[in-house]
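Participant: Just structure_20.pdb, nothing more (PDB, C-alpha atoms):
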ATOM      1  CA  MET U 289     133.614  83.421 147.886
ATOM      2  CA  GLU U 290     136.949  82.297 146.439
ATOM      3  CA  MET U 291     136.644  84.737 143.530
ATOM      4  CA  TYR U 292     135.849  87.583 145.931
ATOM      5  CA  SER U 293     138.929  86.730 147.989
ATOM      6  CA  THR U 294     141.121  86.763 144.869
ATOM      7  CA  LEU U 295     139.735  90.113 143.714
ATOM      8  CA  GLU U 296     140.299  91.520 147.175
ATOM      9  CA  GLU U 297     143.956  90.494 147.024
ATOM     10  CA  TYR U 298     144.338  92.161 143.631
ATOM     11  CA  ARG U 299     142.759  95.312 145.044
ATOM     12  CA  LYS U 300     145.164  95.351 147.988
ATOM     13  CA  VAL U 301     148.159  95.057 145.671
ATOM     14  CA  TYR U 302     146.779  97.853 143.486
ATOM     15  CA  GLU U 303     146.399 100.175 146.476
ATOM     16  CA  MET U 304     149.992  99.499 147.528
ATOM     17  CA  LEU U 305     151.387 100.767 144.233
ATOM     18  CA  ALA U 306     153.030 104.132 144.693
ATOM     19  CA  ASP U 307     152.348 105.959 141.421
ATOM     20  CA  GLU U 308     149.978 106.130 138.469
ATOM     21  CA  GLU U 309     152.443 104.492 136.076
ATOM     22  CA  SER U 310     152.782 101.431 138.308
ATOM     23  CA  ARG U 311     149.007 101.147 138.661
ATOM     24  CA  ASP U 312     148.478 101.457 134.912
ATOM     25  CA  ILE U 313     151.074  98.787 134.129
ATOM     26  CA  TYR U 314     149.641  96.533 136.837
ATOM     27  CA  LEU U 315     146.102  96.753 135.422
ATOM     28  CA  ASN U 316     147.268  96.114 131.871
ATOM     29  CA  LYS U 317     149.334  93.123 132.949
ATOM     30  CA  LEU U 318     146.419  91.785 134.989
ATOM     31  CA  ASN U 319     144.080  92.156 132.011
ATOM     32  CA  TRP U 320     146.605  90.296 129.864
ATOM     33  CA  LEU U 321     146.792  87.435 132.369
ATOM     34  CA  ILE U 322     142.998  87.195 132.448
ATOM     35  CA  SER U 323     142.320  87.509 128.726
ATOM     36  CA  GLY U 324     145.563  86.513 127.030
ATOM     37  CA  ASN U 325     145.045  89.498 124.706
ATOM     38  CA  GLN U 326     148.351  90.922 123.496
ATOM     39  CA  LYS U 327     146.851  94.415 123.178
ATOM     40  CA  TYR U 328     147.358  95.002 126.911
ATOM     41  CA  ILE U 329     151.081  94.302 126.662
ATOM     42  CA  ASP U 330     151.257  96.459 123.543
ATOM     43  CA  ALA U 331     149.625  99.295 125.494
ATOM     44  CA  ILE U 332     152.416  99.143 128.074
ATOM     45  CA  VAL U 333     155.111  99.121 125.396
ATOM     46  CA  VAL U 334     153.617 102.021 123.433
ATOM     47  CA  LYS U 335     153.147 104.217 126.496
ATOM     48  CA  TYR U 336     156.231 103.466 128.571
ATOM     49  CA  LEU U 337     158.753 101.908 126.166
ATOM     50  CA  PRO U 338     158.310 103.915 122.957
ATOM     51  CA  GLY U 339     161.628 102.772 121.523
ATOM     52  CA  VAL U 340     160.778  99.076 121.754
ATOM     53  CA  PRO U 341     159.087  97.503 118.694
ATOM     54  CA  LEU U 342     155.784  95.732 119.241
ATOM     55  CA  LEU U 343     155.714  91.957 119.130
ATOM     56  CA  LYS U 344     154.916  90.720 115.627
ATOM     57  CA  LYS U 345     155.424  86.998 116.041
ATOM     58  CA  ALA U 346     152.835  84.437 115.066
ATOM     59  CA  GLY U 347     149.991  83.987 117.507
ATOM     60  CA  VAL U 348     148.133  81.008 118.887
ATOM     61  CA  ALA U 349     145.891  80.727 115.818
ATOM     62  CA  GLU U 350     148.912  80.337 113.540
ATOM     63  CA  LEU U 351     150.472  77.866 115.940
ATOM     64  CA  LYS U 352     147.331  75.716 115.980
ATOM     65  CA  LYS U 353     147.177  75.704 112.181
ATOM     66  CA  SER U 354     150.764  74.485 111.988
ATOM     67  CA  MET U 355     150.009  71.398 114.096
ATOM     68  CA  PRO U 356     148.652  68.194 112.469
ATOM     69  CA  GLN U 357     144.871  67.957 112.467
ATOM     70  CA  ASP U 358     144.870  64.193 113.040
ATOM     71  CA  ARG U 359     147.070  64.126 116.141
ATOM     72  CA  GLU U 360     146.038  64.689 119.755
ATOM     73  CA  VAL U 361     147.558  67.658 121.579
ATOM     74  CA  VAL U 362     148.813  67.864 125.151
ATOM     75  CA  LEU U 363     150.040  70.986 126.948
ATOM     76  CA  TYR U 364     153.259  70.265 128.840
ATOM     77  CA  GLY U 365     153.120  72.571 131.836
ATOM     78  CA  ALA U 366     150.064  72.917 134.067
ATOM     79  CA  GLY U 367     150.727  76.426 135.320
ATOM     80  CA  SER U 368     149.718  80.012 134.597
ATOM     81  CA  ILE U 369     150.659  79.958 130.901
ATOM     82  CA  GLY U 370     148.958  76.601 130.438
ATOM     83  CA  LYS U 371     145.817  78.106 131.932
ATOM     84  CA  ILE U 372     145.948  80.990 129.458
ATOM     85  CA  LEU U 373     146.537  78.668 126.496
ATOM     86  CA  LEU U 374     143.645  76.469 127.591
ATOM     87  CA  ARG U 375     141.255  79.168 126.363
ATOM     88  CA  TYR U 376     142.465  78.521 122.835
ATOM     89  CA  TRP U 377     142.449  74.724 123.078
ATOM     90  CA  GLN U 378     139.491  73.719 125.233
ATOM     91  CA  ASP U 379     137.099  73.586 122.257
ATOM     92  CA  ASP U 380     139.593  71.898 119.943
ATOM     93  CA  ASP U 381     138.875  68.203 119.381
ATOM     94  CA  ARG U 382     142.602  67.470 119.339
ATOM     95  CA  PHE U 383     143.190  68.659 122.891
ATOM     96  CA  VAL U 384     143.295  65.911 125.536
ATOM     97  CA  GLY U 385     144.790  67.615 128.602
ATOM     98  CA  PHE U 386     148.034  68.494 130.341
ATOM     99  CA  CYS U 387     151.330  66.913 131.271
ATOM    100  CA  SER U 388     153.018  67.805 134.560
ATOM    101  CA  GLN U 389     155.542  66.351 136.957
ATOM    102  CA  THR U 390     153.432  67.518 139.903
ATOM    103  CA  LYS U 391     151.885  64.463 141.577
ATOM    104  CA  GLU U 392     148.972  66.411 143.035
ATOM    105  CA  LYS U 393     147.924  67.667 139.611
ATOM    106  CA  GLN U 394     148.238  64.178 138.174
ATOM    107  CA  LYS U 395     145.738  62.995 140.794
ATOM    108  CA  LYS U 396     143.264  65.874 140.687
ATOM    109  CA  GLY U 397     143.709  67.208 137.159
ATOM    110  CA  TYR U 398     144.062  70.859 136.194
ATOM    111  CA  CYS U 399     141.283  73.260 135.207
ATOM    112  CA  GLY U 400     138.943  70.303 134.769
ATOM    113  CA  TRP U 401     141.279  68.398 132.433
ATOM    114  CA  PRO U 402     143.312  65.236 133.054
ATOM    115  CA  VAL U 403     147.028  65.534 133.750
ATOM    116  CA  ILE U 404     149.444  62.799 132.723
ATOM    117  CA  SER U 405     152.981  62.331 133.988
ATOM    118  CA  PRO U 406     156.092  62.851 131.837
ATOM    119  CA  GLU U 407     156.630  59.083 132.025
ATOM    120  CA  GLN U 408     153.184  58.426 130.554
ATOM    121  CA  LEU U 409     153.823  60.927 127.786
ATOM    122  CA  LEU U 410     157.168  59.366 126.894
ATOM    123  CA  ALA U 411     155.575  55.923 126.817
ATOM    124  CA  GLN U 412     153.096  57.003 124.128
ATOM    125  CA  LYS U 413     155.042  59.282 121.762
ATOM    126  CA  ASP U 414     151.988  59.748 119.544
ATOM    127  CA  MET U 415     150.788  63.239 120.500
ATOM    128  CA  SER U 416     151.743  66.779 119.588
ATOM    129  CA  VAL U 417     153.333  68.361 122.652
ATOM    130  CA  LEU U 418     153.034  72.094 123.212
ATOM    131  CA  ILE U 419     155.433  73.259 125.924
ATOM    132  CA  SER U 420     153.282  75.765 127.786
ATOM    133  CA  THR U 421     155.914  77.435 129.927
ATOM    134  CA  THR U 422     158.784  79.779 129.151
ATOM    135  CA  ARG U 423     160.969  79.291 132.206
ATOM    136  CA  SER U 424     161.423  75.511 131.863
ATOM    137  CA  ASN U 425     161.369  75.314 128.088
ATOM    138  CA  LYS U 426     164.942  74.031 127.693
ATOM    139  CA  GLU U 427     164.601  71.590 130.578
ATOM    140  CA  ILE U 428     161.406  70.070 129.158
ATOM    141  CA  ARG U 429     162.873  69.836 125.667
ATOM    142  CA  GLN U 430     165.838  67.968 127.121
ATOM    143  CA  ILE U 431     163.559  65.548 128.984
ATOM    144  CA  LEU U 432     161.629  64.816 125.801
ATOM    145  CA  LYS U 433     164.780  64.473 123.715
ATOM    146  CA  GLU U 434     166.420  62.077 126.148
ATOM    147  CA  GLY U 435     163.188  60.086 126.262
ATOM    148  CA  GLY U 436     163.253  59.656 122.499
ATOM    149  CA  TYR U 437     160.198  61.790 121.788
ATOM    150  CA  PRO U 438     159.921  62.703 118.071
ATOM    151  CA  GLN U 439     161.296  66.218 117.746
ATOM    152  CA  ASP U 440     158.888  67.167 114.967
ATOM    153  CA  GLN U 441     155.989  66.618 117.384
ATOM    154  CA  ILE U 442     157.277  69.145 119.923
ATOM    155  CA  TYR U 443     156.156  72.776 119.850
ATOM    156  CA  SER U 444     157.060  75.559 122.246
ATOM    157  CA  TRP U 445     155.034  78.533 123.398
ATOM    158  CA  ALA U 446     158.325  80.349 124.038
ATOM    159  CA  GLU U 447     158.702  80.688 120.269
ATOM    160  CA  TYR U 448     155.433  82.628 120.160
ATOM    161  CA  ASP U 449     156.047  84.753 123.225
ATOM    162  CA  TYR U 450     158.419  87.598 123.987
ATOM    163  CA  GLU U 451     160.325  88.465 127.095
ATOM    164  CA  ASP U 452     163.204  90.879 127.324
ATOM    165  CA  PRO U 453     165.660  89.281 129.786
ATOM    166  CA  GLY U 454     166.976  92.673 130.802
ATOM    167  CA  GLN U 455     163.605  94.322 131.298
ATOM    168  CA  TYR U 456     163.852  94.255 135.102
ATOM    169  CA  PHE U 457     167.544  94.775 135.710
ATOM    170  CA  ALA U 458     168.974  97.064 133.026
ATOM    171  CA  PRO U 459     171.201  99.758 134.581
ATOM    172  CA  ASP U 460     169.377 102.620 132.872
ATOM    173  CA  PHE U 461     166.753 102.523 135.616
ATOM    174  CA  MET U 462     168.330 100.358 138.346
ATOM    175  CA  VAL U 463     171.087 101.442 140.736
ATOM    176  CA  TYR U 464     172.889  98.641 142.568
ATOM    177  CA  GLY U 465     174.647  98.761 145.913
ATOM    178  CA  ASP U 466     177.622  96.805 147.202
ATOM    179  CA  GLU U 467     175.621  94.068 148.959
ATOM    180  CA  GLU U 468     172.363  93.390 147.127
ATOM    181  CA  VAL U 469     169.804  90.801 148.305
ATOM    182  CA  PHE U 470     167.397  89.431 145.677
ATOM    183  CA  ILE U 471     164.086  87.656 146.339
ATOM    184  CA  ASP U 472     163.116  85.617 143.274
ATOM    185  CA  ALA U 473     159.417  85.030 143.991
ATOM    186  CA  GLY U 474     158.134  82.644 141.367
ATOM    187  CA  CYS U 475     161.517  81.115 140.656
ATOM    188  CA  CYS U 476     161.542  78.056 138.419
ATOM    189  CA  ASP U 477     165.008  77.694 136.926
ATOM    190  CA  LEU U 478     166.790  80.713 138.482
ATOM    191  CA  ASN U 479     166.720  82.438 135.089
ATOM    192  CA  SER U 480     165.875  85.819 136.641
ATOM    193  CA  THR U 481     168.731  85.486 139.099
ATOM    194  CA  LEU U 482     171.156  84.624 136.313
ATOM    195  CA  GLN U 483     169.998  87.666 134.356
ATOM    196  CA  LEU U 484     170.444  89.872 137.417
ATOM    197  CA  ARG U 485     174.027  88.653 137.786
ATOM    198  CA  LYS U 486     174.838  90.164 134.394
ATOM    199  CA  TYR U 487     174.043  93.630 135.718
ATOM    200  CA  CYS U 488     174.674  93.382 139.463
ATOM    201  CA  LYS U 489     178.253  92.424 140.338
ATOM    202  CA  HIS U 490     177.760  92.507 144.109
ATOM    203  CA  LEU U 491     174.881  90.114 144.692
ATOM    204  CA  LYS U 492     175.248  88.951 148.286
ATOM    205  CA  LYS U 493     172.299  86.597 148.718
ATOM    206  CA  VAL U 494     169.323  85.163 146.793
ATOM    207  CA  TYR U 495     166.060  83.820 148.202
ATOM    208  CA  ALA U 496     164.323  81.626 145.609
ATOM    209  CA  LEU U 497     160.626  80.788 146.025
ATOM    210  CA  VAL U 498     158.598  78.460 143.805
ATOM    211  CA  SER U 499     154.891  79.307 143.743
ATOM    212  CA  THR U 500     153.377  77.201 140.932
ATOM    213  CA  PRO U 501     155.213  74.014 139.938
ATOM    214  CA  ILE U 502     154.687  72.846 136.374
TER     215      ILE U 502
END
Mind turning this structure into structure tokens?

Facilitator:
Amino acid sequence: MEMYSTLEEYRKVYEMLADEESRDIYLNKLNWLISGNQKYIDAIVVKYLPGVPLLKKAGVAELKKSMPQDREVVLYGAGSIGKILLRYWQDDDRFVGFCSQTKEKQKKGYCGWPVISPEQLLAQKDMSVLISTTRSNKEIRQILKEGGYPQDQIYSWAEYDYEDPGQYFAPDFMVYGDEEVFIDAGCCDLNSTLQLRKYCKHLKKVYALVSTPI
């Protein structure tokens, strides 16, 4: 029943999209979120951004190989990216679960795996930590650094991911008025708002919403 409800919501969003390009991009992005397969993002780039080079950074397999085989691994960030990365780690004997500051997830776990607090992680300092979020990457690194966590045991998914900070706001396809209002739905560290400020000089008000805490 829950899956049907989710699919129904996706269908409603799809039907609201105004043109074929939007629907095509939406489906490719949705397939990427479900599968984690980079080919769906590449399809968007090839078709709609022909001047942008495809991502050629190392993937999850290379990242896993670079991490010590005799050290347990925890994903710091129990959100959407952590859920995607779980597909690559759930059958790995090194993987032990997630780390999150969210109390509810610490109590109930996430995707069937235990969730420890940042304080518990800092008390151990004996695991490889993969930061599984892009928005809070710097913040988490700072927390670990200040807590004395060995820097050579910290890895970041942001180094294996790509996001063009100007992809939403570049003036070649956006026209700004004198009193713009921005709704940042899914805000974590106001990064999108800060990027918008570089292009929009007359930002009147911002509404920031947090949907999935890490």

Participant: Suppose a student applies the PyMOL selection byres ((chain U and resi 438-443) around 10) to this structure; what residues should they get, written as an MDAnalysis selection string?

Facilitator: chainID U and resid 351 354:356 359 361 363:364 410 413:420 429 432:433 435:437 444:448

Participant: Can you work out which one of U:Gly465, U:Gly370, U:Gly400, U:Pro338 has the shortest atom-to-atom distance to U:Gly324, counting all atoms listed in the file?

Facilitator: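 Going through U:Gly465, U:Gly370, U:Gly400, U:Pro338 one by one, the smallest distance to U:Gly324 is for U:Gly370.
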
Participant: So what does the PyMOL selection byres ((chain U and resi 371) around 12) actually pick up in this one, as an mmCIF file with C-alpha atoms, in the frame of the given file?

Facilitator:
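Here's the written file expr-v7.cif:
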data_model
loop_
_atom_site.group_PDB
_atom_site.id
_atom_site.type_symbol
_atom_site.label_atom_id
_atom_site.label_comp_id
_atom_site.auth_asym_id
_atom_site.auth_seq_id
_atom_site.Cartn_x
_atom_site.Cartn_y
_atom_site.Cartn_z
ATOM 1 C CA LEU U 321 146.792 87.435 132.369
ATOM 2 C CA ILE U 322 142.998 87.195 132.448
ATOM 3 C CA SER U 323 142.320 87.509 128.726
ATOM 4 C CA GLY U 324 145.563 86.513 127.030
ATOM 5 C CA LEU U 363 150.040 70.986 126.948
ATOM 6 C CA TYR U 364 153.259 70.265 128.840
ATOM 7 C CA GLY U 365 153.120 72.571 131.836
ATOM 8 C CA ALA U 366 150.064 72.917 134.067
ATOM 9 C CA GLY U 367 150.727 76.426 135.320
ATOM 10 C CA SER U 368 149.718 80.012 134.597
ATOM 11 C CA ILE U 369 150.659 79.958 130.901
ATOM 12 C CA GLY U 370 148.958 76.601 130.438
ATOM 13 C CA ILE U 372 145.948 80.990 129.458
ATOM 14 C CA LEU U 373 146.537 78.668 126.496
ATOM 15 C CA LEU U 374 143.645 76.469 127.591
ATOM 16 C CA ARG U 375 141.255 79.168 126.363
ATOM 17 C CA TYR U 376 142.465 78.521 122.835
ATOM 18 C CA TRP U 377 142.449 74.724 123.078
ATOM 19 C CA GLN U 378 139.491 73.719 125.233
ATOM 20 C CA GLY U 385 144.790 67.615 128.602
ATOM 21 C CA PHE U 386 148.034 68.494 130.341
ATOM 22 C CA TYR U 398 144.062 70.859 136.194
ATOM 23 C CA CYS U 399 141.283 73.260 135.207
ATOM 24 C CA GLY U 400 138.943 70.303 134.769
ATOM 25 C CA TRP U 401 141.279 68.398 132.433
ATOM 26 C CA SER U 420 153.282 75.765 127.786
ATOM 27 C CA THR U 421 155.914 77.435 129.927
ATOM 28 C CA THR U 500 153.377 77.201 140.932
ATOM 29 C CA ILE U 502 154.687 72.846 136.374
#

Participant: What is the distance, in Å and to one decimal place, between atom CA of U:Lys393 and atom CA of U:Asp472?

Facilitator: 23.8 Å

Participant: Can you tell me how far atom CA of U:Ser480 sits from atom CA of U:Gly397, in Å to one decimal?

Facilitator: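 These atoms are spaced 28.9 Å apart.
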
Participant: On this structure, which residues satisfy the PyMOL selection byres ((chain U and resi 471) around 8), written as a PyMOL selection string?

Facilitator: chain U and resi 469-470+472-473+494-497

Participant: Quote the spacing between atom CA of U:Arg382 and atom CA of U:Asp358 in Å to one decimal place.

Facilitator: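 If I compute the distance from atom CA of U:Arg382 to atom CA of U:Asp358, I get 7.5 Å.
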
Participant: Using all atoms listed in the file, which protein or nucleic acid residues come within 8 Å of stretch 299-316 of chain U? Drop anything in the same chain fewer than 2 positions from it, and give the result as a PyMOL selection string.

Facilitator: chain U and resi 295-297+318-320+328-329+331-332

Participant: Under the rule that all atoms listed in the file are counted, which of U:Asn325, U:Gln483, U:Gln389, U:Gln412 is the nearest residue to U:Ile431?

Facilitator: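 Under the stated criterion, the closest residue is U:Gln389.
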
Participant: Which one of U:Val362, U:Met462, U:Asn425, U:Lys353 sits closest to U:Gln408 if you count all atoms listed in the file?

Facilitator: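 Of U:Val362, U:Met462, U:Asn425, U:Lys353, the one nearest U:Gln408 is U:Val362, counting all atoms listed in the file.
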
Participant: Tell me which of U:Glu434, U:Asp381, U:Glu468, U:Glu392 sits closest to U:Glu407, counting only C-alpha atoms.

Facilitator: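 The shortest atom-to-atom distance to U:Glu407 comes from U:Glu434.
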